[in-house]
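Peer 1: Next comes the structure file upload.txt, holding compact mmCIF, C-alpha atoms.
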```
# COMPACT_ATOMS: atom_id res chain seq x y z
CA ARG A 1 -9.37 34.93 19.45
CA ALA A 2 -10.25 33.39 16.10
CA ALA A 3 -11.68 29.88 16.17
CA THR A 4 -9.57 27.08 14.77
CA PRO A 5 -10.75 26.18 11.24
CA ASP A 6 -12.73 22.93 11.11
CA PRO A 7 -10.28 21.03 8.86
CA LEU A 8 -7.38 21.95 11.16
CA ARG A 9 -9.38 20.99 14.26
CA TRP A 10 -10.22 17.67 12.65
CA TRP A 11 -6.54 17.05 11.84
CA ASN A 12 -5.37 18.04 15.33
CA GLN A 13 -7.65 15.49 17.00
CA PHE A 14 -5.10 12.82 16.05
CA PRO A 15 -1.88 12.33 18.06
CA PRO A 16 1.25 14.04 16.64
CA ALA A 17 2.94 10.66 16.09
CA LEU A 18 0.00 9.43 13.97
CA ARG A 19 0.00 12.67 11.99
CA ASN A 20 3.70 12.10 11.32
CA VAL A 21 3.03 8.60 9.94
CA THR A 22 0.21 10.01 7.81
CA ARG A 23 2.43 12.71 6.29
CA LEU A 24 5.12 10.17 5.44
CA ARG A 25 2.60 7.83 3.81
CA LEU A 26 1.08 10.68 1.81
CA LEU A 27 4.48 11.60 0.38
CA ALA A 28 5.49 7.99 -0.32
CA SER A 29 2.20 7.13 -2.01
CA THR A 30 2.28 10.30 -4.12
CA GLY A 31 5.58 9.16 -5.57
CA ALA A 32 4.44 5.58 -5.98
CA GLY A 33 1.06 6.40 -7.55
CA GLY A 34 2.39 7.31 -10.95
CA VAL A 35 5.01 4.55 -10.94
CA ILE A 36 2.53 1.79 -10.08
CA PHE A 37 0.01 2.60 -12.79
CA MET A 38 2.18 4.12 -15.52
CA THR A 39 5.18 1.78 -15.63
CA PRO A 40 3.37 -0.82 -17.83
CA LEU A 41 2.42 1.94 -20.27
CA ILE A 42 5.95 3.38 -20.37
CA PHE A 43 7.60 0.12 -21.33
CA HIS A 44 4.75 -1.00 -23.57
CA ALA A 45 5.39 2.18 -25.54
CA ILE A 46 8.99 1.09 -26.28
CA ASP A 47 7.81 -2.30 -27.56
CA PHE A 48 8.19 -4.39 -24.43
CA SER A 49 5.90 -7.42 -24.61
CA ALA A 50 3.28 -8.02 -21.92
CA SER A 51 5.34 -11.00 -20.70
CA GLN A 52 8.44 -8.82 -20.31
CA VAL A 53 6.54 -6.20 -18.35
CA GLY A 54 4.88 -8.88 -16.23
CA SER A 55 8.11 -10.78 -15.57
CA GLY A 56 9.75 -7.61 -14.26
CA LEU A 57 6.85 -7.08 -11.88
CA ALA A 58 7.07 -10.76 -10.84
CA VAL A 59 10.79 -10.47 -10.06
CA SER A 60 10.07 -7.31 -8.08
CA ALA A 61 7.42 -9.18 -6.09
CA LEU A 62 9.77 -12.13 -5.46
CA ILE A 63 12.58 -10.03 -4.04
CA GLY A 64 9.96 -8.07 -2.11
CA THR A 65 8.78 -11.32 -0.49
CA LEU A 66 12.22 -12.17 0.84
CA ILE A 67 12.88 -8.63 2.06
CA ARG A 68 9.46 -8.42 3.74
CA LEU A 69 10.04 -11.59 5.73
CA LEU A 70 13.50 -10.44 6.79
CA CYS A 71 12.23 -6.99 7.73
CA GLY A 72 9.27 -8.39 9.68
CA THR A 73 11.52 -10.74 11.64
CA LEU A 74 13.92 -7.93 12.50
CA LEU A 75 11.04 -5.69 13.59
CA ASP A 76 9.83 -8.42 15.95
CA ARG A 77 13.34 -8.59 17.38
CA GLY A 78 13.29 -4.90 18.25
CA LEU A 79 14.41 -3.07 15.11
CA ARG A 80 12.93 0.43 15.19
CA CYS A 81 10.39 1.17 12.47
CA SER A 82 12.26 4.25 11.22
CA TRP A 83 15.32 2.36 9.96
CA PRO A 84 13.62 0.28 7.23
CA ILE A 85 11.90 3.46 5.99
CA ARG A 86 15.23 5.27 5.71
CA LEU A 87 16.70 2.43 3.66
CA THR A 88 13.51 2.30 1.58
CA THR A 89 14.04 5.88 0.43
CA LEU A 90 17.60 5.20 -0.72
CA LEU A 91 16.64 2.06 -2.66
CA ALA A 92 13.64 3.76 -4.25
CA ILE A 93 15.68 6.74 -5.40
CA ALA A 94 18.29 4.41 -6.91
CA GLY A 95 15.56 2.41 -8.70
CA ASP A 96 13.95 5.57 -10.05
CA LEU A 97 17.25 6.86 -11.42
CA ILE A 98 17.70 3.55 -13.26
CA LEU A 99 14.15 3.36 -14.66
CA ILE A 100 14.02 6.97 -15.80
CA GLN A 101 16.64 6.14 -18.44
CA ALA A 102 16.15 2.39 -18.97
CA ASP A 103 15.64 1.43 -22.62
CA ASN A 104 16.30 -2.31 -22.45
CA TYR A 105 15.05 -5.26 -20.44
CA SER A 106 18.11 -5.55 -18.18
CA GLY A 107 17.79 -1.93 -17.06
CA TYR A 108 14.07 -2.37 -16.49
CA LEU A 109 14.69 -5.54 -14.47
CA LEU A 110 17.36 -3.91 -12.28
CA GLY A 111 15.09 -0.97 -11.57
CA GLN A 112 12.23 -3.28 -10.61
CA LEU A 113 14.55 -5.19 -8.26
CA MET A 114 15.42 -1.96 -6.47
CA LEU A 115 11.79 -0.88 -6.17
CA GLY A 116 10.72 -4.36 -5.03
CA SER A 117 13.36 -4.29 -2.29
CA ALA A 118 12.23 -0.83 -1.23
CA ALA A 119 8.59 -1.96 -1.00
CA GLY A 120 9.63 -5.03 1.00
CA LEU A 121 11.25 -2.82 3.63
CA TYR A 122 8.57 -0.14 3.60
CA TRP A 123 5.29 -1.94 4.16
CA PRO A 124 5.91 -4.01 7.32
CA ALA A 125 7.52 -1.03 9.07
CA ILE A 126 5.01 1.64 8.05
CA GLU A 127 2.02 -0.60 8.84
CA LEU A 128 3.39 -1.57 12.25
CA ALA A 129 4.04 2.10 13.01
CA VAL A 130 0.31 2.92 12.91
CA PRO A 131 -0.90 1.19 16.12
CA LEU A 132 2.32 2.26 17.83
CA SER A 133 1.44 5.89 17.04
CA CYS A 134 -2.29 5.90 17.81
CA GLY A 135 -2.12 6.70 21.52
CA SER A 136 -5.70 6.87 22.81
CA VAL A 137 -7.16 6.75 19.30
CA PRO A 138 -8.47 3.28 18.29
CA SER A 139 -6.18 1.65 15.75
CA GLY A 140 -9.15 1.14 13.41
CA ARG A 141 -9.52 4.91 13.07
CA GLY A 142 -5.76 5.23 12.71
CA TYR A 143 -5.74 2.84 9.77
CA ALA A 144 -8.72 4.66 8.21
CA LEU A 145 -6.71 7.89 8.40
CA VAL A 146 -3.45 6.56 6.93
CA ARG A 147 -5.26 4.62 4.21
CA SER A 148 -6.99 7.86 3.27
CA ALA A 149 -3.54 9.45 2.95
CA ASP A 150 -2.42 6.49 0.82
CA ALA A 151 -5.42 6.88 -1.45
CA LEU A 152 -4.96 10.65 -1.77
CA GLY A 153 -1.26 10.24 -2.53
CA ILE A 154 -1.76 7.50 -5.10
CA GLY A 155 -4.52 9.56 -6.71
CA CYS A 156 -2.25 12.61 -6.91
CA GLY A 157 0.57 10.47 -8.31
CA ALA A 158 -1.68 8.96 -10.96
CA LEU A 159 -2.96 12.45 -11.86
CA ILE A 160 0.63 13.61 -12.30
CA GLY A 161 1.22 10.57 -14.49
CA THR A 162 -1.85 11.38 -16.58
CA LEU A 163 -0.67 14.96 -17.12
CA ALA A 164 2.79 13.65 -17.99
CA ALA A 165 1.24 11.30 -20.56
CA ILE A 166 -0.66 14.21 -22.14
CA LEU A 167 2.56 16.23 -22.33
CA GLY A 168 4.55 13.27 -23.66
CA ILE A 169 6.98 13.19 -20.70
CA LEU A 170 5.66 10.10 -18.92
CA ARG A 171 9.01 9.09 -17.43
CA ILE A 172 8.96 12.20 -15.26
CA ILE A 173 6.98 10.07 -12.78
CA TYR A 174 10.26 8.48 -11.68
CA GLY A 175 11.66 11.92 -10.94
CA VAL A 176 8.54 12.75 -8.91
CA GLU A 177 8.95 9.59 -6.83
CA ALA A 178 12.64 10.32 -6.23
CA ILE A 179 11.77 13.80 -4.95
CA CYS A 180 9.03 12.40 -2.69
CA MET A 181 11.38 9.77 -1.29
CA ALA A 182 14.02 12.42 -0.57
CA ALA A 183 11.36 14.40 1.33
CA VAL A 184 10.42 11.28 3.33
CA LEU A 185 14.08 10.74 4.25
CA ILE A 186 14.42 14.33 5.47
CA LEU A 187 11.19 14.21 7.50
CA ILE A 188 11.87 10.85 9.14
CA SER A 189 15.38 12.00 10.05
CA LEU A 190 13.91 15.07 11.75
CA TYR A 191 10.90 13.29 13.28
CA PRO A 192 11.51 9.53 13.71
CA LEU A 193 8.51 7.23 13.99
CA GLN A 194 7.24 6.61 17.50
CA ASP A 195 8.24 3.13 18.63
CA ASN A 196 7.95 2.35 22.34
CA ARG A 197 8.13 -1.44 22.08
CA SER A 198 10.38 -3.27 24.51
CA ARG A 199 13.52 -4.76 23.07
CA HIS A 200 13.77 -8.46 22.21
CA LEU A 201 14.65 -10.39 25.34
CA PRO A 202 17.73 -12.64 25.39
CA ASP A 203 17.18 -16.19 24.24
CA SER A 204 18.24 -17.41 27.67
CA ALA A 205 15.37 -15.61 29.39
CA GLU A 206 12.86 -17.86 31.10
CA PRO A 207 9.43 -17.81 29.45
CA THR A 208 6.55 -16.32 31.39
CA ASP A 209 2.79 -16.51 31.03
CA GLU A 210 2.92 -13.23 29.10
CA ASP A 211 5.60 -14.67 26.81
CA SER A 212 3.44 -17.66 25.97
CA ASN A 213 0.75 -15.27 24.73
CA GLY A 214 3.00 -13.75 22.11
CA SER A 215 5.50 -11.34 23.67
CA LEU A 216 8.77 -10.48 21.99
CA SER A 217 10.55 -13.35 23.73
CA ASP A 218 8.65 -16.05 21.83
CA GLY A 219 10.95 -18.21 19.74
CA PRO A 220 11.04 -17.40 16.04
CA LEU A 221 9.90 -20.91 15.12
CA THR A 222 6.70 -20.74 17.20
CA ILE A 223 3.87 -20.62 14.69
CA SER A 224 0.74 -21.17 16.81
CA TRP A 225 0.09 -17.42 16.60
CA LEU A 226 -0.19 -17.75 12.82
CA LEU A 227 -3.21 -20.07 12.78
CA PRO A 228 -5.90 -17.43 13.58
CA LEU A 229 -4.31 -15.19 10.94
CA LEU A 230 -4.66 -17.67 8.07
CA PRO A 231 -8.30 -16.84 7.17
CA VAL A 232 -7.44 -13.13 7.04
CA LEU A 233 -4.45 -13.84 4.80
CA ALA A 234 -6.56 -16.07 2.53
CA VAL A 235 -9.15 -13.33 2.02
CA SER A 236 -6.35 -10.82 1.49
CA VAL A 237 -4.76 -12.94 -1.24
CA VAL A 238 -8.05 -12.99 -3.15
CA ALA A 239 -8.69 -9.27 -2.77
CA THR A 240 -5.15 -8.08 -3.41
CA SER A 241 -4.79 -10.28 -6.48
CA LEU A 242 -7.65 -8.28 -7.97
CA LEU A 243 -5.93 -5.03 -6.97
CA SER A 244 -2.65 -6.19 -8.51
CA LEU A 245 -4.36 -7.08 -11.78
CA GLN A 246 -6.07 -3.70 -11.73
CA GLN A 247 -2.72 -1.95 -11.34
CA SER A 248 -0.65 -3.93 -13.82
CA ALA A 249 -3.00 -5.56 -16.35
CA LEU A 250 -6.01 -3.24 -16.59
CA PRO A 251 -4.09 -0.28 -18.12
CA LEU A 252 -2.73 -2.55 -20.85
CA ASP A 253 -6.13 -4.19 -21.38
CA LEU A 254 -7.77 -0.81 -21.86
CA VAL A 255 -5.11 0.20 -24.41
CA ARG A 256 -5.32 -3.06 -26.37
CA GLY A 257 -9.11 -3.41 -26.17
CA GLY A 258 -11.30 -6.45 -25.62
CA LEU A 259 -13.17 -8.86 -27.88
CA SER A 260 -15.58 -6.09 -28.95
CA ARG A 261 -14.51 -3.16 -26.80
CA PRO A 262 -12.26 -0.79 -28.79
CA GLY A 263 -8.82 0.05 -27.45
CA LEU A 264 -8.17 3.40 -25.80
CA SER A 265 -5.24 5.73 -26.20
CA GLU A 266 -2.66 5.72 -23.42
CA THR A 267 -3.94 9.15 -22.35
CA HIS A 268 -7.56 7.97 -22.09
CA SER A 269 -6.49 4.80 -20.29
CA SER A 270 -4.53 6.88 -17.78
CA ALA A 271 -7.54 9.16 -17.32
CA LEU A 272 -9.79 6.18 -16.47
CA ILE A 273 -7.30 4.94 -13.89
CA ALA A 274 -7.07 8.45 -12.45
CA LEU A 275 -10.88 8.60 -12.21
CA GLN A 276 -10.95 5.35 -10.25
CA LEU A 277 -8.36 6.76 -7.86
CA ILE A 278 -10.36 9.97 -7.43
CA LEU A 279 -13.32 7.82 -6.41
CA LEU A 280 -11.09 5.95 -3.96
CA VAL A 281 -9.83 9.20 -2.44
CA SER A 282 -13.43 10.41 -2.02
CA LEU A 283 -14.60 7.17 -0.41
CA GLN A 284 -11.62 6.09 1.69
CA TRP A 285 -12.13 8.17 4.84
CA PRO A 286 -15.96 7.96 5.12
CA VAL A 287 -16.02 4.24 4.34
CA GLY A 288 -13.02 3.48 6.57
CA ARG A 289 -14.44 5.56 9.43
CA TRP A 290 -17.83 3.85 9.05
CA LEU A 291 -16.28 0.38 9.15
CA ALA A 292 -13.99 1.24 12.09
CA ASP A 293 -17.05 0.92 14.37
CA ARG A 294 -18.03 -2.45 12.92
CA SER A 295 -16.54 -5.93 12.98
CA VAL A 296 -13.73 -6.82 10.63
CA ARG A 297 -15.83 -9.76 9.42
CA PHE A 298 -18.48 -7.34 8.16
CA GLY A 299 -15.89 -5.08 6.53
CA LEU A 300 -14.12 -7.91 4.73
CA GLY A 301 -17.40 -9.42 3.57
CA ILE A 302 -18.74 -6.19 2.07
CA SER A 303 -15.41 -5.51 0.35
CA LEU A 304 -15.45 -8.93 -1.33
CA ILE A 305 -18.97 -8.28 -2.59
CA GLY A 306 -17.81 -5.00 -4.11
CA PHE A 307 -14.79 -6.66 -5.74
CA SER A 308 -17.03 -9.36 -7.22
CA ILE A 309 -19.44 -6.87 -8.76
CA GLY A 310 -16.67 -4.67 -10.16
CA SER A 311 -14.67 -7.57 -11.59
CA ALA A 312 -17.75 -9.06 -13.25
CA LEU A 313 -18.54 -5.75 -14.92
CA ILE A 314 -14.96 -5.33 -16.18
CA ALA A 315 -15.02 -8.87 -17.59
CA LEU A 316 -18.35 -8.24 -19.34
CA SER A 317 -17.12 -4.95 -20.78
CA SER A 318 -14.94 -6.74 -23.34
CA LEU A 319 -18.07 -8.20 -24.99
CA PHE A 320 -19.61 -4.86 -25.97
CA THR A 321 -18.58 -2.14 -28.37
CA ALA A 322 -19.70 0.33 -25.70
CA GLY A 323 -17.66 -1.59 -23.14
CA THR A 324 -15.81 1.52 -21.98
CA ALA A 325 -19.08 2.74 -20.41
CA VAL A 326 -19.33 -0.58 -18.54
CA VAL A 327 -15.78 -0.09 -17.26
CA LEU A 328 -16.81 3.35 -16.01
CA ILE A 329 -19.72 1.81 -14.08
CA ALA A 330 -17.40 -0.84 -12.63
CA LEU A 331 -15.09 1.80 -11.15
CA LEU A 332 -17.55 2.68 -8.36
CA PRO A 333 -17.93 -0.79 -6.75
CA MET A 334 -14.21 -1.41 -7.21
CA ALA A 335 -13.34 1.86 -5.45
CA PHE A 336 -15.82 1.15 -2.64
CA ALA A 337 -14.44 -2.38 -2.21
CA GLN A 338 -10.87 -1.12 -2.02
CA ALA A 339 -11.81 1.60 0.47
CA ALA A 340 -13.51 -1.03 2.64
CA PHE A 341 -10.83 -3.69 2.34
CA LEU A 342 -7.57 -1.85 3.02
CA PRO A 343 -8.12 -0.48 6.56
CA THR A 344 -10.33 -3.40 7.63
CA ALA A 345 -7.85 -6.11 6.62
CA THR A 346 -4.95 -4.31 8.31
CA GLU A 347 -6.96 -3.91 11.51
CA ALA A 348 -7.85 -7.63 11.34
CA VAL A 349 -4.16 -8.52 11.26
CA ILE A 350 -3.55 -6.39 14.36
CA GLU A 351 -6.50 -7.95 16.21
CA GLU A 352 -5.49 -11.53 15.40
CA THR A 353 -1.73 -11.23 16.08
CA PRO A 354 0.08 -11.06 19.45
CA PRO A 355 2.21 -7.89 19.82
CA GLY A 356 5.48 -9.80 19.65
CA HIS A 357 4.75 -11.12 16.15
CA ARG A 358 3.14 -8.14 14.46
CA GLY A 359 6.21 -7.27 12.43
CA LEU A 360 6.25 -10.65 10.70
CA ALA A 361 2.44 -10.63 10.47
CA MET A 362 2.56 -7.30 8.66
CA ALA A 363 5.23 -8.71 6.37
CA LEU A 364 2.98 -11.66 5.48
CA PHE A 365 -0.03 -9.41 5.03
CA SER A 366 1.78 -6.89 2.84
CA GLN A 367 3.12 -9.76 0.75
CA CYS A 368 -0.46 -10.53 -0.26
CA PHE A 369 -0.19 -7.43 -2.47
```
Any chance you could give the structure as structure tokens?

Peer 2:
Amino acid sequence: RAATPDPLRWWNQFPPALRNVTRLRLLASTGAGGVIFMTPLIFHAIDFSASQVGSGLAVSALIGTLIRLLCGTLLDRGLRCSWPIRLTTLLAIAGDLILIQADNYSGYLLGQLMLGSAAGLYWPAIELAVPLSCGSVPSGRGYALVRSADALGIGCGALIGTLAAILGILRIIYGVEAICMAAVLILISLYPLQDNRSRHLPDSAEPTDEDSNGSLSDGPLTISWLLPLLPVLAVSVVATSLLSLQQSALPLDLVRGGLSRPGLSETHSSALIALQLILLVSLQWPVGRWLADRSVRFGLGISLIGFSIGSALIALSSLFTAGTAVVLIALLPMAFAQAAFLPTATEAVIEETPPGHRGLAMALFSQCF
């Protein structure tokens, strides 16, 4: 009998439920990768100002905030993780169909509202699904695996966007995301996410010692569980603000140039972003697996150091005519920092939050993005 190939043996070591979550995240991030990084370039090319592009992203984030909090609360009250994902796919497809043909600000804004709502539903549910699907595998390793799938998918999506830019059909990225979301909907309908949490107990139920430690029967206004989470959220705000700027502002900055650094073409700017994502894909699993055996304090600290070095190099790049080379050097510490931060911060949220409040905790954490 032939031996099982090593890559397949490695994949099969994870529980089927965790592999299901990983497949879904790979598909979703492949669709989102091109949209996240290429949308500013698409609408900059039709003479949208930076403030118009930024305001659309801000409105998307605002609606995403409200939807995240609602979704997290419903998850803590027993809503199964599969349902927000199903609705996510429908909203994302609708947003993509709007953006693929939008040529004015109102169309752009409506599309961003749809995608912001989809993201608000997606992240709390898909993040909460990871520890619920890990079985005997430590959740730290589970998050390292799914974040690797996220990185691979976003890298593939950005590569598709780069090829589309070269061919002059950049808006095809919205069609790619719509196809990926349709595939997610089909898969999650066939194989729903594993969710063995107990249902929310009636309000009239008497509290027990277990309840006081954060079970599902805690009142929604109880916030003592939030206090240990605040330092993690504060660090996450700092780190994810850098990631958000990298996604939305860096492509435009590379195109427009710095004080001395010459501007790049949209194709070359897309290629630099794709290179950074390739680095992230290469580093995500080994770095995440390495940090899974260490404290979250260590992981968060080393990620902030990487972000600081990378951001300083990007800032300095605008002062030199050869600044593009400095940006290239900055990509490595930025990719390492992101690979360290994403699984470590998510694991920190799980460690610091009682099971009955993890839906809302994931909503707050994902809102940091």

Peer 1: One decimal, in Å: what's the spacing between atom CA of Ala118 of chain A and atom CA of Gly64 of chain A?

Peer 2: 7.6 Å

Peer 1: Which protein, DNA or RNA residues are at most 12 Å from (6.0, -10.6, -12.4) in the file's coordinates when you count only C-alpha atoms, listed as a PyMOL selection string?

Peer 2: chain A and resi 40+50-64+109+112-113+116+244-245+248-249

Peer 1: Skipping near chain neighbours, those fewer than 6 positions away, what residues fall within 10 Å of Leu26 of chain A using all atoms listed in the file, listed as a PyMOL selection string?

Peer 2: chain A and resi 20+32+146-154+156+180+184

Peer 1: Can you report as JSON the centre and edge lengths in Å, to one decimal, of an axis-aligned box around the listed atoms of segment 317-326 of chain A padded with 8 Å on each side?

Peer 2:
```
{"center_x": -17.3, "center_y": -2.7, "center_z": -23.5, "size_x": 20.8, "size_y": 26.9, "size_z": 25.8}
```

Peer 1: So, with all atoms listed in the file as the atoms that count, which of A:Met38, A:Ala125, A:Ala92, A:Leu185 lies closest to Asp76 of chain A?

Peer 2: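 Closest to Asp76 of chain A, using all atoms listed in the file: A:Ala125.
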
Peer 1: Rank A:Val281, A:Ala315, A:Leu128, A:Leu264 by their smallest atom-to-atom distance to Phe365 of chain A, using all atoms listed in the file, and report the top residue only.

Peer 2: A:Leu128

Peer 1: Mind listing whatever residues come within 10 Å of the point (-12.3, -1.6, -27.5)? Use only C-alpha atoms, file coordinates, and give them as a list in words.

Peer 2: Asp253, Leu254, Val255, Arg256, Gly257, Gly258, Leu259, Ser260, Arg261, Pro262, Gly263, Leu264, Ser317, Ser318, Leu319, Phe320, Thr321, Ala322, Gly323 and Thr324 of chain A

Peer 1: What's around Leu272 of chain A at 9 Å? Count only C-alpha atoms, leave out sequence neighbours fewer than 2 positions away in its own chain, and write the answer as a PyMOL selection string.

Peer 2: chain A and resi 251+267-270+274-277+327-328+331
